[in-house]
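Structure record follows, encoded as structure tokens.
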Amino acid sequence: MVNKEDLQRGNSNADQDNTNRFELIKAKTGIQGLDDVTYGGIPENRPTLVVGNVGTGKTVMAMEFIINGITKYDEPGVFMTFEEKTDELKMNMMSMGYDLDKFISENKLYLERLHVDHIEIQETGRYNIDGLFIRLGAAIEKVKAKRVVLDSLDTLFTGLDDKILRSEFKRLFFWLKEKKVTTIITAEVGNVFLTRFGLEEIVADCVIELNCRVHNQIATRRLRIVKYRGSYHSINEYPFTLDQKGITIFPIVSESPQIIVSSERISSGIREIDEMLENKGFYVGSSILVSGSAGTGKSTLVSAFSEDACKNNKKVLYCAFEEAPNQIIRNMETIGIHLKNHTDSGNLRFYYSRPTLQNLELHLIAIRKIIKEINCTAVILDPITNIMYEDINSDMRTMLIRFIDYLKMEQITVMLTATVTTTSLQLIQSHEGISSIVDLCIMIEEKYIKHRHRKFLYVIKSRGINNSKKDYELLINPGGISVSPVEEEEHGIANNIMPCL
Amino acid sequence: MSLKKNIEIKQFLFLLFVNPGTVDSIHAVQNIQLFCDKYLKGMYEIEIVNINEHPDWAMKENIVALPLLIKKCLCQKTA
């Protein structure tokens with residue numbers, strides 16, 4: 001059933017591949033992150049199995065694969081649905097912003113519902129599923145499809161005989177390979193096998209598993225490549241989000257050799273702190289942690305930084321997990337930090353979300369989306385401890401490291417605040433990790449000296465910067481922030497507790 | 001035939017979808033003809049549809065498995 005054109009295409013593919021013949025040809029899915037995890041996409045001209053429970057996003061992923069094929073790679077597609085009605089599917093996809101009718105009228109997409117109703121059918125004797133082959137063949141022919149989705153094939157098992165289907169599916173996948181189409185087959189998760197009907201034994205080139213787990217009342221969808229024949233792949237589980245912009249996976253494949261290190265500097269927004277740091281401020285693309293107990297002025301410091309960056313016409317993303325943006329703007333106004341006009345001009349963008357709404361990973365995915373959208377130079381996470389509270393395990397820490405790595409790659413300066421003090425360290429162990437992943441650490445400590453609360457500021461750690469070793473006192477007045485070195489005779493008082501992060 | 005009590009069946013119409021060239025389809029054509037000749041002599045009509053030539057029929061009748069027989073009967077109620 002292979003026609004001449006297909007054969008010729010196959011040959012030309014083979015010719016191209018002489019340069020890197022050990023490389024498996026891959027079809028890009030166009031799904032954010034999935035192509036990174038698979039190092040280039042799913043195997044071209046071969047079937048891939050997407051396994052997942054109800055509501056994990058199998059259909060959306062498959063549909064996005066087809067739509068991206070049409071819009072991004074000029075590869076028409078066929079979508080065979082065995083479950084949903086085509087009208088319902090169109091409606092559902094419309095809510096995600098995909099107009100399927102448009103693609104159908106352009107003859108780029110072929111959508112068909114195929115179902116077997118066991119009430120209408122009586123089985124007897126031997127039969128095969130040539131009907132499916134012929135319909136699929138006609139559909140592929142009609143739109144000159146390069147991509148095919150069968151969603152979800154295992155519903156056929158409820159209507160037809162197991163044994164026959166099994167051998168027929170083998171034939172089907174072989175036939176699809178011959179047709180030179182990249183196929184996604186979706187299936188439900190099973191108890192004994194990976195899929196309910198053991199489809200993974202038949203489609204074995206690439207298997208992607210989707211799942212959804214609830215932890216501390218927060219549900220997270222995750223994706224994992226179970227198997228990828230002929231290619232290396234990332235074996236971890238990656239969280240992904242499903243929203244009106246489709247699927248986004250947040251993979252941070254270790255790309256450390258690619259990190260560009262900048263020797264450029266960016267001002268901290270406070271003259272005295274810049275002075276402490278060789279008179280120049282932070283490195284561009286570095287990560288800065290401001291830690292201290294409640295009410296020491298962490299948010300104030302990062303707001304001052306944001307304002308300064310915005311003044312210099314740099315784009316800043318302020319991720320607030322505690323205070324609402326309006327509240328931050330109002331409060332900062334009282335000490336002479338004016339953020340309002342920067343939000344109006346678009347230089348300052350707020351991302352505000354309750355920490356309990358979703359977990360750290362999903363927050364980071366959402367943040368990354370905005371970063372891409374506005375192309376910002378600095379990101380503020382205020383405070384990071386709020387989204388790390390739920391877990392002491394190291395997952396959160398690695399996730400944060402990956403995120404900071406990503407920001408480094410993009411040359412984005414990131415400022416984090418954390419309510420970490422010397423005492424909280426002993427209580428919450430997960431906090432200990434935070435300071436080791438950042439490049440620069442500023443600590444603010446409040447002390448009660450001579451009937452007065454005074455704030456002292458230290459640079460605990462500064463990678464690659466010869467920082468001032470002096471102690472500084474931080475004063476926050478309606479006029480603004482002032483930082484001044486502690487007088488010699490007072491040194492002893494300020495130094496009586498040395499923070500050891 | 002129990003149906004004959006109140007419904008007079010004038011004629012049966014069978015649609016047999018086949019993929020010619022496959023063993024199963026050849027058997028199916030033979031079987032249906034043998035059966036009809038034996039039990040429904042003179043009151044049946046068989047239309048054999050080659051699915052390869054009419055893929056649109058496969059969609060219209062929602063066909064997956066082959067060979068497939070669709071029973072359509074032309075009935076007439078008795079007074």
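We name chains A, B, ... following the order of the structure tokens; residues begin at 1 in each chain, and ligands are numbered from 1 as shown.
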
Residue hits in chain A, query chain B, radius 7 Å, only C-alpha atoms, as JSON, numbers by chain: {"A": [114, 126, 127, 128, 129, 130, 131, 132, 134, 135, 138]}

Please produce a file of the residues just selected, as a short mmCIF file (atom, residue, chain, number, x, y, z; two decimals), in the first residue's frame, where the atoms kept are N, CA and C atoms.
```cif
data_model
loop_
_atom_site.label_atom_id
_atom_site.label_comp_id
_atom_site.auth_asym_id
_atom_site.auth_seq_id
_atom_site.Cartn_x
_atom_site.Cartn_y
_atom_site.Cartn_z
N LEU A 114 -15.38 7.44 15.36
CA LEU A 114 -15.47 6.03 15.04
C LEU A 114 -15.89 5.33 16.31
N ARG A 126 -14.74 -15.25 12.03
CA ARG A 126 -13.53 -14.45 11.99
C ARG A 126 -13.77 -13.15 11.26
N TYR A 127 -13.12 -12.14 11.75
CA TYR A 127 -13.22 -10.86 11.05
C TYR A 127 -11.96 -10.05 11.31
N ASN A 128 -11.81 -8.97 10.63
CA ASN A 128 -10.68 -8.08 10.89
C ASN A 128 -11.18 -6.64 10.97
N ILE A 129 -10.30 -5.69 11.18
CA ILE A 129 -10.75 -4.30 11.28
C ILE A 129 -10.32 -3.50 10.06
N ASP A 130 -10.49 -4.13 8.90
CA ASP A 130 -10.16 -3.44 7.66
C ASP A 130 -10.96 -2.15 7.48
N GLY A 131 -12.15 -2.13 8.08
CA GLY A 131 -12.97 -0.93 7.98
C GLY A 131 -12.22 0.28 8.50
N LEU A 132 -11.52 0.09 9.61
CA LEU A 132 -10.73 1.17 10.20
C LEU A 132 -9.57 1.55 9.28
N ILE A 134 -9.40 1.23 6.09
CA ILE A 134 -9.86 1.90 4.87
C ILE A 134 -10.26 3.34 5.17
N ARG A 135 -10.95 3.53 6.30
CA ARG A 135 -11.35 4.88 6.65
C ARG A 135 -10.15 5.75 6.96
N ALA A 138 -8.34 6.52 3.70
CA ALA A 138 -9.04 7.55 2.92
C ALA A 138 -8.81 8.92 3.54
#
```

Distance query Cys376 of chain A at most 9 Å, only C-alpha atoms, self and fewer than 3 positions along chain excluded, as a ChimeraX atom specification: /A:314-317,347,370-373,379,412

Please, could you write that set of residues out with C-alpha atoms as an mmCIF file, in the first residue's frame?
```cif
data_model
loop_
_atom_site.group_PDB
_atom_site.id
_atom_site.type_symbol
_atom_site.label_atom_id
_atom_site.label_comp_id
_atom_site.auth_asym_id
_atom_site.auth_seq_id
_atom_site.Cartn_x
_atom_site.Cartn_y
_atom_site.Cartn_z
ATOM 1 C CA LYS A 314 14.150 47.456 32.365
ATOM 2 C CA LYS A 315 11.259 45.059 32.621
ATOM 3 C CA VAL A 316 10.680 43.514 36.032
ATOM 4 C CA LEU A 317 8.352 40.722 37.045
ATOM 5 C CA ASN A 347 7.800 48.027 33.028
ATOM 6 C CA ILE A 370 5.068 35.576 31.757
ATOM 7 C CA ILE A 371 8.843 35.861 31.546
ATOM 8 C CA LYS A 372 8.685 34.692 27.952
ATOM 9 C CA GLU A 373 5.816 37.000 27.256
ATOM 10 C CA VAL A 379 12.368 38.582 38.529
ATOM 11 C CA ILE A 412 17.685 37.260 34.233
#
```

Within 7 Å of Gly30 of chain A using only C-alpha atoms, minus same-chain residues under 4 positions, as a list in words: Asp35, Phe65 and Asn68 of chain A

Strand (DSSP E or B) call set, DSSP backbone run, segment 161-258 of chain A, as JSON, numbers by chain: {"A": [182, 183, 184, 185, 186, 187, 188, 189, 195, 206, 207, 208, 209, 210, 211, 212, 213, 214, 215, 218, 219, 220, 221, 222, 223, 224, 225, 226, 227, 228, 237, 238, 239, 240, 241, 242, 243, 246, 247, 248, 249]}

Generate a file of the selected residues that holds C-alpha atoms, formatted as a PDB file, in the first residue's frame.
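Final file, selection.pdb:
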```pdb
ATOM      1  CA  THR A 182       3.641   9.964  12.926  1.00  0.00           C
ATOM      2  CA  THR A 183       0.951   8.606  15.184  1.00  0.00           C
ATOM      3  CA  ILE A 184      -0.195   9.223  18.730  1.00  0.00           C
ATOM      4  CA  ILE A 185      -2.374   6.583  20.303  1.00  0.00           C
ATOM      5  CA  THR A 186      -3.974   7.349  23.634  1.00  0.00           C
ATOM      6  CA  ALA A 187      -4.946   4.732  26.181  1.00  0.00           C
ATOM      7  CA  GLU A 188      -6.230   4.447  29.704  1.00  0.00           C
ATOM      8  CA  VAL A 189      -4.037   3.321  32.558  1.00  0.00           C
ATOM      9  CA  THR A 195      -2.438   0.313  29.825  1.00  0.00           C
ATOM     10  CA  CYS A 206       7.711   5.506  22.554  1.00  0.00           C
ATOM     11  CA  VAL A 207       5.516   5.527  25.616  1.00  0.00           C
ATOM     12  CA  ILE A 208       4.572   8.718  27.478  1.00  0.00           C
ATOM     13  CA  GLU A 209       2.724   8.508  30.751  1.00  0.00           C
ATOM     14  CA  LEU A 210       0.538  11.273  32.140  1.00  0.00           C
ATOM     15  CA  ASN A 211      -0.749  11.282  35.678  1.00  0.00           C
ATOM     16  CA  CYS A 212      -2.372  13.558  38.155  1.00  0.00           C
ATOM     17  CA  ARG A 213      -1.595  13.336  41.838  1.00  0.00           C
ATOM     18  CA  VAL A 214      -3.000  15.186  44.767  1.00  0.00           C
ATOM     19  CA  HIS A 215      -0.645  16.095  47.542  1.00  0.00           C
ATOM     20  CA  ILE A 218      -2.965  20.419  45.620  1.00  0.00           C
ATOM     21  CA  ALA A 219      -3.293  18.504  42.356  1.00  0.00           C
ATOM     22  CA  THR A 220      -0.447  18.413  39.910  1.00  0.00           C
ATOM     23  CA  ARG A 221      -0.380  16.878  36.483  1.00  0.00           C
ATOM     24  CA  ARG A 222       2.855  15.177  35.596  1.00  0.00           C
ATOM     25  CA  LEU A 223       4.417  13.647  32.541  1.00  0.00           C
ATOM     26  CA  ARG A 224       7.048  10.978  32.180  1.00  0.00           C
ATOM     27  CA  ILE A 225       8.679   9.307  29.204  1.00  0.00           C
ATOM     28  CA  VAL A 226       8.487   5.637  30.086  1.00  0.00           C
ATOM     29  CA  LYS A 227      10.199   4.370  27.022  1.00  0.00           C
ATOM     30  CA  TYR A 228      11.790   5.744  23.915  1.00  0.00           C
ATOM     31  CA  GLU A 237       8.611  13.161  35.929  1.00  0.00           C
ATOM     32  CA  TYR A 238       7.831  16.662  34.799  1.00  0.00           C
ATOM     33  CA  PRO A 239       4.910  18.710  35.990  1.00  0.00           C
ATOM     34  CA  PHE A 240       2.794  20.311  33.336  1.00  0.00           C
ATOM     35  CA  THR A 241      -0.085  22.711  33.182  1.00  0.00           C
ATOM     36  CA  LEU A 242      -3.133  22.675  31.045  1.00  0.00           C
ATOM     37  CA  ASP A 243      -4.781  25.996  30.485  1.00  0.00           C
ATOM     38  CA  GLY A 246      -2.628  24.553  25.919  1.00  0.00           C
ATOM     39  CA  ILE A 247      -0.099  22.295  27.548  1.00  0.00           C
ATOM     40  CA  THR A 248       3.116  23.582  29.050  1.00  0.00           C
ATOM     41  CA  ILE A 249       5.730  21.320  30.471  1.00  0.00           C
TER      42      ILE A 249
END
```

Close residues, segment 320-325 of chain A itself excluded, 10 Å, only C-alpha atoms, min 5 positions apart in chain, as a list in words: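 The residues that qualify are Ser299, Arg330, Asn331, Leu339, Lys340, Thr343, Arg349, Phe350, Tyr351, Tyr352, Ser353, Arg354, Pro355, Thr356, His363, Ile380, Leu381, Asp382, Pro383, Ile384, Thr385, Asn386 and Ile387 of chain A.
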
9 Å contact set for Asp308 of chain A, only C-alpha atoms, chain neighbours under 6 positions out, as a list in words: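 Non-adjacent residues within range: Ser267, Ser268, Gly269, Ile270 and Lys314 of chain A.
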
Polymer residues at most 7 Å from Cys73 of chain B, only C-alpha atoms, same-chain spacing of 2 or more positions, as an NGL selection string: :B and (11-13 or 71 or 75)

Go ahead and write the selection's residues with C-alpha atoms as a PDB file, in the first residue's frame.
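Once everything was written out, this is part.pdb:
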```pdb
ATOM      1  CA  GLN B  11     -38.414  -9.100   1.502  1.00  0.00           C
ATOM      2  CA  PHE B  12     -35.116  -9.012   3.333  1.00  0.00           C
ATOM      3  CA  LEU B  13     -32.401  -6.672   2.271  1.00  0.00           C
ATOM      4  CA  LYS B  71     -29.732  -6.434   8.080  1.00  0.00           C
ATOM      5  CA  CYS B  75     -41.561  -5.042   5.988  1.00  0.00           C
TER       6      CYS B  75
END
```

Counting only C-alpha atoms, the option among B:Leu15, B:Gln33, B:Lys60, B:Ile26 closest to Glu47 of chain B: B:Leu15
